[in-house]
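Before any comments, here is the structure.
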Amino acid sequence: MLSPDYDSSLPRRPLWDEARELVRYRSLLTELILRNIKTRYKRSVLGVTWTMLNPLLTMVVLSIVFSHLFGFSLPRYPVYLLSGLLIWNFFSQSTVASINELVWSSSLLKRIYVPRSSFAVAAVGTGLVNMCLALVPLGIIMLVTRSPLRPALLFLPIALILAGMFALGVGLALSALAVFFADVVDMYQIVLVAWMYLTPIFYPVEILAPEVRWLLYLNPMYYFLETFRAPIYLGKLPAPEMVIGAVTAAICMLLLGGWLFRRKSDDFVYHL
């Protein structure tokens with residue numbers, strides 16, 4: 001028999017109640033994050049080291065392709081490229097993991113009550129842990145290339161929090177849809193590839209024609225990218241319009257994703 005917690009005829013709780021439930025189950029969130037980390041590195045020969053080597057190796061390959069074959073040059077291009085790769089990988093991996101976490105945990109949801117959003121939150125939390133590890137090789141590259149290490153780097157936690165809020169909002173919305181439509185994951189993977197190349201991760205904004213450059217402002221990841229990259233690559237705080245854009249996108253996406261998730265969550269148990 002299904003628990004009353006899953007009775008779709010009951011009034012749906014507001015987002016604030018869901019947030020309070022997450023605080024109550026914070027120990028569960030910790031366990032889920034630890035489980036995700038242990039599962040990822042359990043059978044890996046390199047273990048945690050791979051989290052640091054992977055973006056480095058990707059950076060080497062892409063540096064050769066983009067800086068040489070496409071003929072543009074940026075000072076300290078490895079720092080420019082790696083900073084963009086890290087924030088993009090954090091977003092893409094966290095959102096995909098949010099979808100998978102909810103679907104894979106269907107048996108747990110049917111047996112006991114847990115806040116259903118906890119799986120998406122744990123996925124983003126895991127992504128933040130991996131991101132912190134990946135910052136180590138970025139710091140080494142900055143030292144090697146003599147990049148400026150200035151107080152603006154203290155802004156990075158804020159940039160990561162904003163990116164995490166946006167990733168959580170996207171993850172909540174997509175995981176809610178994935179419960180009802182199994183093709184969401186595959187379709188989202190395709191969207192991610194296109195989205196990545198539409199974001200100036202590998203190339204400078206200046207190579208875009210002026211008449212199409214305005215389209216970047218319609219891309220929310222552009223704001224998070226620039227907010228994260230400016231303290232690292234330029235050694236200064238991001239431009240105010242980038243911060244405002246990132247804050248706006250993060251809050252709006254989190255509210256939209258949370259609203260959609262709460263609206264559909266009481267019916268999850270019937271479809272998982």
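Residues in the structure tokens are numbered from 1 in each chain, the chains being A, B, ... in the order shown, and ligands are numbered from 1 in the order shown.
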Which residues come within 8 Å of segment 28-43 of chain A, counting only C-alpha atoms, excluding same-chain residues fewer than 4 positions away, as a list in words? Leu22, Gly47, Val48, Ser118, Phe119, Val121, Ala122, Ala123, Gly125 and Thr126 of chain A
Selection from above, N, CA and C atoms, as a compact mmCIF listing (two decimals), in the first residue's frame, can you write it?
# COMPACT_ATOMS: atom_id res chain seq x y z
N LEU A 22 14.52 19.41 3.45
CA LEU A 22 15.92 19.16 3.10
C LEU A 22 16.84 19.46 4.29
N GLY A 47 41.49 6.79 -9.13
CA GLY A 47 40.71 7.35 -8.04
C GLY A 47 40.46 8.83 -8.21
N VAL A 48 40.61 9.57 -7.11
CA VAL A 48 40.35 11.01 -7.13
C VAL A 48 41.29 11.73 -8.09
N SER A 118 15.95 15.66 -2.67
CA SER A 118 17.27 15.42 -2.06
C SER A 118 18.24 14.79 -3.05
N PHE A 119 17.74 14.04 -4.02
CA PHE A 119 18.63 13.38 -4.98
C PHE A 119 19.26 14.40 -5.93
N VAL A 121 19.67 17.62 -5.16
CA VAL A 121 20.55 18.42 -4.32
C VAL A 121 21.87 17.67 -4.09
N ALA A 122 21.78 16.36 -3.85
CA ALA A 122 22.99 15.56 -3.64
C ALA A 122 23.84 15.52 -4.90
N ALA A 123 23.20 15.46 -6.07
CA ALA A 123 23.95 15.45 -7.33
C ALA A 123 24.73 16.74 -7.51
N GLY A 125 25.59 18.78 -5.05
CA GLY A 125 26.60 18.78 -3.99
C GLY A 125 27.81 17.95 -4.37
N THR A 126 27.58 16.81 -4.98
CA THR A 126 28.69 15.98 -5.46
C THR A 126 29.50 16.71 -6.52
For segment 130-142 of chain A, please output as a list in words all residues within 10 Å (counting only C-alpha atoms; exclusion window: fewer than 5 positions along the same chain).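 Counting only C-alpha atoms, the residues come to Ile37, Val48, Thr49, Trp50, Thr51, Met52, Leu53, Asn54, Pro55, Leu56, Arg76, Pro78, Val79, Tyr80, Leu82, Ser83, Leu86, Ile87, Asn89, Phe90, Phe91, Val124, Gly125, Ser147, Pro148, Leu149, Leu160, Ile232 and Tyr233 of chain A.
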Closest-contact table, segment 95-169 of chain A side, partner segment 219-228 of chain A, 8 Å, counting only C-alpha atoms, as CSV:
residue,atom,partner,partner_atom,distance
A:Leu156,CA,A:Phe228,CA,6.2
A:Ala159,CA,A:Phe228,CA,5.4
A:Leu160,CA,A:Phe228,CA,7.3
A:Leu162,CA,A:Phe224,CA,7.5
A:Ala163,CA,A:Phe224,CA,6.0
Can I get the selected residues back with C-alpha atoms, as a short mmCIF file (atom, residue, chain, number, x, y, z; two decimals), in the first residue's frame?
data_model
loop_
_atom_site.label_atom_id
_atom_site.label_comp_id
_atom_site.auth_asym_id
_atom_site.auth_seq_id
_atom_site.Cartn_x
_atom_site.Cartn_y
_atom_site.Cartn_z
CA LEU A 156 34.81 32.28 -6.81
CA ALA A 159 30.22 32.27 -8.67
CA LEU A 160 30.01 28.57 -7.80
CA LEU A 162 25.15 30.87 -8.41
CA ALA A 163 26.11 28.16 -10.92
#
Filtered DSSP result for segment 72-204 of chain A, state alpha helix (DSSP H), as a ChimeraX atom specification: /A:77-104,106-111,118-144,156-180,184-197
Next, dump the selected residues to file, keeping only C-alpha atoms, as a CSV table (one decimal), in the first residue's frame.
chain,number,residue,atom,x,y,z
A,77,TYR,CA,45.0,30.2,-23.3
A,78,PRO,CA,45.3,27.1,-21.1
A,79,VAL,CA,43.9,29.1,-18.2
A,80,TYR,CA,41.2,30.6,-20.3
A,81,LEU,CA,40.2,27.1,-21.6
A,82,LEU,CA,40.5,25.2,-18.4
A,83,SER,CA,38.4,27.6,-16.4
A,84,GLY,CA,35.6,27.4,-19.0
A,85,LEU,CA,35.8,23.6,-19.1
A,86,LEU,CA,35.5,23.3,-15.3
A,87,ILE,CA,32.4,25.4,-14.9
A,88,TRP,CA,30.8,23.7,-17.9
A,89,ASN,CA,31.6,20.2,-16.7
A,90,PHE,CA,30.2,21.0,-13.3
A,91,PHE,CA,26.9,22.2,-14.8
A,92,SER,CA,26.5,19.4,-17.4
A,93,GLN,CA,27.6,16.5,-15.1
A,94,SER,CA,25.4,17.8,-12.2
A,95,THR,CA,22.3,18.2,-14.2
A,96,VAL,CA,22.7,14.7,-15.9
A,97,ALA,CA,23.4,13.2,-12.5
A,98,SER,CA,20.2,14.9,-11.1
A,99,ILE,CA,18.1,13.0,-13.6
A,100,ASN,CA,19.8,9.7,-13.1
A,101,GLU,CA,19.8,9.9,-9.3
A,102,LEU,CA,16.0,10.2,-9.1
A,103,VAL,CA,15.3,7.4,-11.6
A,104,TRP,CA,17.9,5.1,-10.0
A,106,SER,CA,12.9,4.6,-7.5
A,107,SER,CA,13.0,1.5,-5.2
A,108,LEU,CA,14.0,3.7,-2.2
A,109,LEU,CA,11.2,6.2,-2.9
A,110,LYS,CA,8.6,3.4,-2.9
A,111,ARG,CA,9.7,2.0,0.5
A,118,SER,CA,17.3,15.4,-2.1
A,119,PHE,CA,18.6,13.4,-5.0
A,120,ALA,CA,19.0,16.5,-7.2
A,121,VAL,CA,20.6,18.4,-4.3
A,122,ALA,CA,23.0,15.6,-3.6
A,123,ALA,CA,24.0,15.4,-7.3
A,124,VAL,CA,24.8,19.2,-7.3
A,125,GLY,CA,26.6,18.8,-4.0
A,126,THR,CA,28.7,16.0,-5.5
A,127,GLY,CA,29.5,18.2,-8.4
A,128,LEU,CA,30.7,20.9,-6.1
A,129,VAL,CA,33.0,18.5,-4.3
A,130,ASN,CA,34.5,17.3,-7.7
A,131,MET,CA,34.7,21.0,-8.8
A,132,CYS,CA,36.8,21.8,-5.7
A,133,LEU,CA,39.2,18.9,-6.5
A,134,ALA,CA,39.4,20.1,-10.1
A,135,LEU,CA,40.5,23.6,-9.0
A,136,VAL,CA,43.8,22.1,-7.9
A,137,PRO,CA,45.2,21.5,-11.4
A,138,LEU,CA,43.8,24.9,-12.5
A,139,GLY,CA,45.8,26.5,-9.7
A,140,ILE,CA,48.9,24.7,-10.9
A,141,ILE,CA,48.3,25.9,-14.5
A,142,MET,CA,47.8,29.4,-13.2
A,143,LEU,CA,51.2,29.3,-11.4
A,144,VAL,CA,53.0,27.8,-14.4
A,156,LEU,CA,34.8,32.3,-6.8
A,157,PRO,CA,32.6,30.8,-4.0
A,158,ILE,CA,29.8,33.2,-5.0
A,159,ALA,CA,30.2,32.3,-8.7
A,160,LEU,CA,30.0,28.6,-7.8
A,161,ILE,CA,26.9,29.1,-5.6
A,162,LEU,CA,25.1,30.9,-8.4
A,163,ALA,CA,26.1,28.2,-10.9
A,164,GLY,CA,25.0,25.5,-8.4
A,165,MET,CA,21.6,27.2,-8.0
A,166,PHE,CA,21.1,27.3,-11.8
A,167,ALA,CA,22.2,23.6,-12.1
A,168,LEU,CA,19.9,22.6,-9.3
A,169,GLY,CA,16.9,24.4,-11.0
A,170,VAL,CA,17.7,22.7,-14.4
A,171,GLY,CA,18.2,19.3,-12.7
A,172,LEU,CA,14.9,19.5,-10.8
A,173,ALA,CA,13.0,20.5,-13.9
A,174,LEU,CA,14.5,17.8,-16.1
A,175,SER,CA,14.3,15.0,-13.4
A,176,ALA,CA,10.6,15.8,-13.0
A,177,LEU,CA,10.1,15.4,-16.8
A,178,ALA,CA,12.3,12.3,-17.0
A,179,VAL,CA,10.0,10.4,-14.7
A,180,PHE,CA,7.2,10.7,-17.2
A,184,VAL,CA,14.4,13.3,-21.8
A,185,VAL,CA,17.9,12.1,-20.8
A,186,ASP,CA,18.9,11.3,-24.4
A,187,MET,CA,17.4,14.5,-25.8
A,188,TYR,CA,19.1,16.5,-23.1
A,189,GLN,CA,22.5,15.0,-24.0
A,190,ILE,CA,22.1,16.3,-27.5
A,191,VAL,CA,21.1,19.7,-26.3
A,192,LEU,CA,24.2,19.8,-24.1
A,193,VAL,CA,26.5,19.3,-27.0
A,194,ALA,CA,24.9,22.1,-29.0
A,195,TRP,CA,24.8,24.3,-25.9
A,196,MET,CA,28.5,23.8,-25.2
A,197,TYR,CA,29.5,25.0,-28.6
Straight-line distance linking atom CA of Leu215 of chain A with atom CA of Leu198 of chain A, stated in Å to one decimal: 9.4 Å
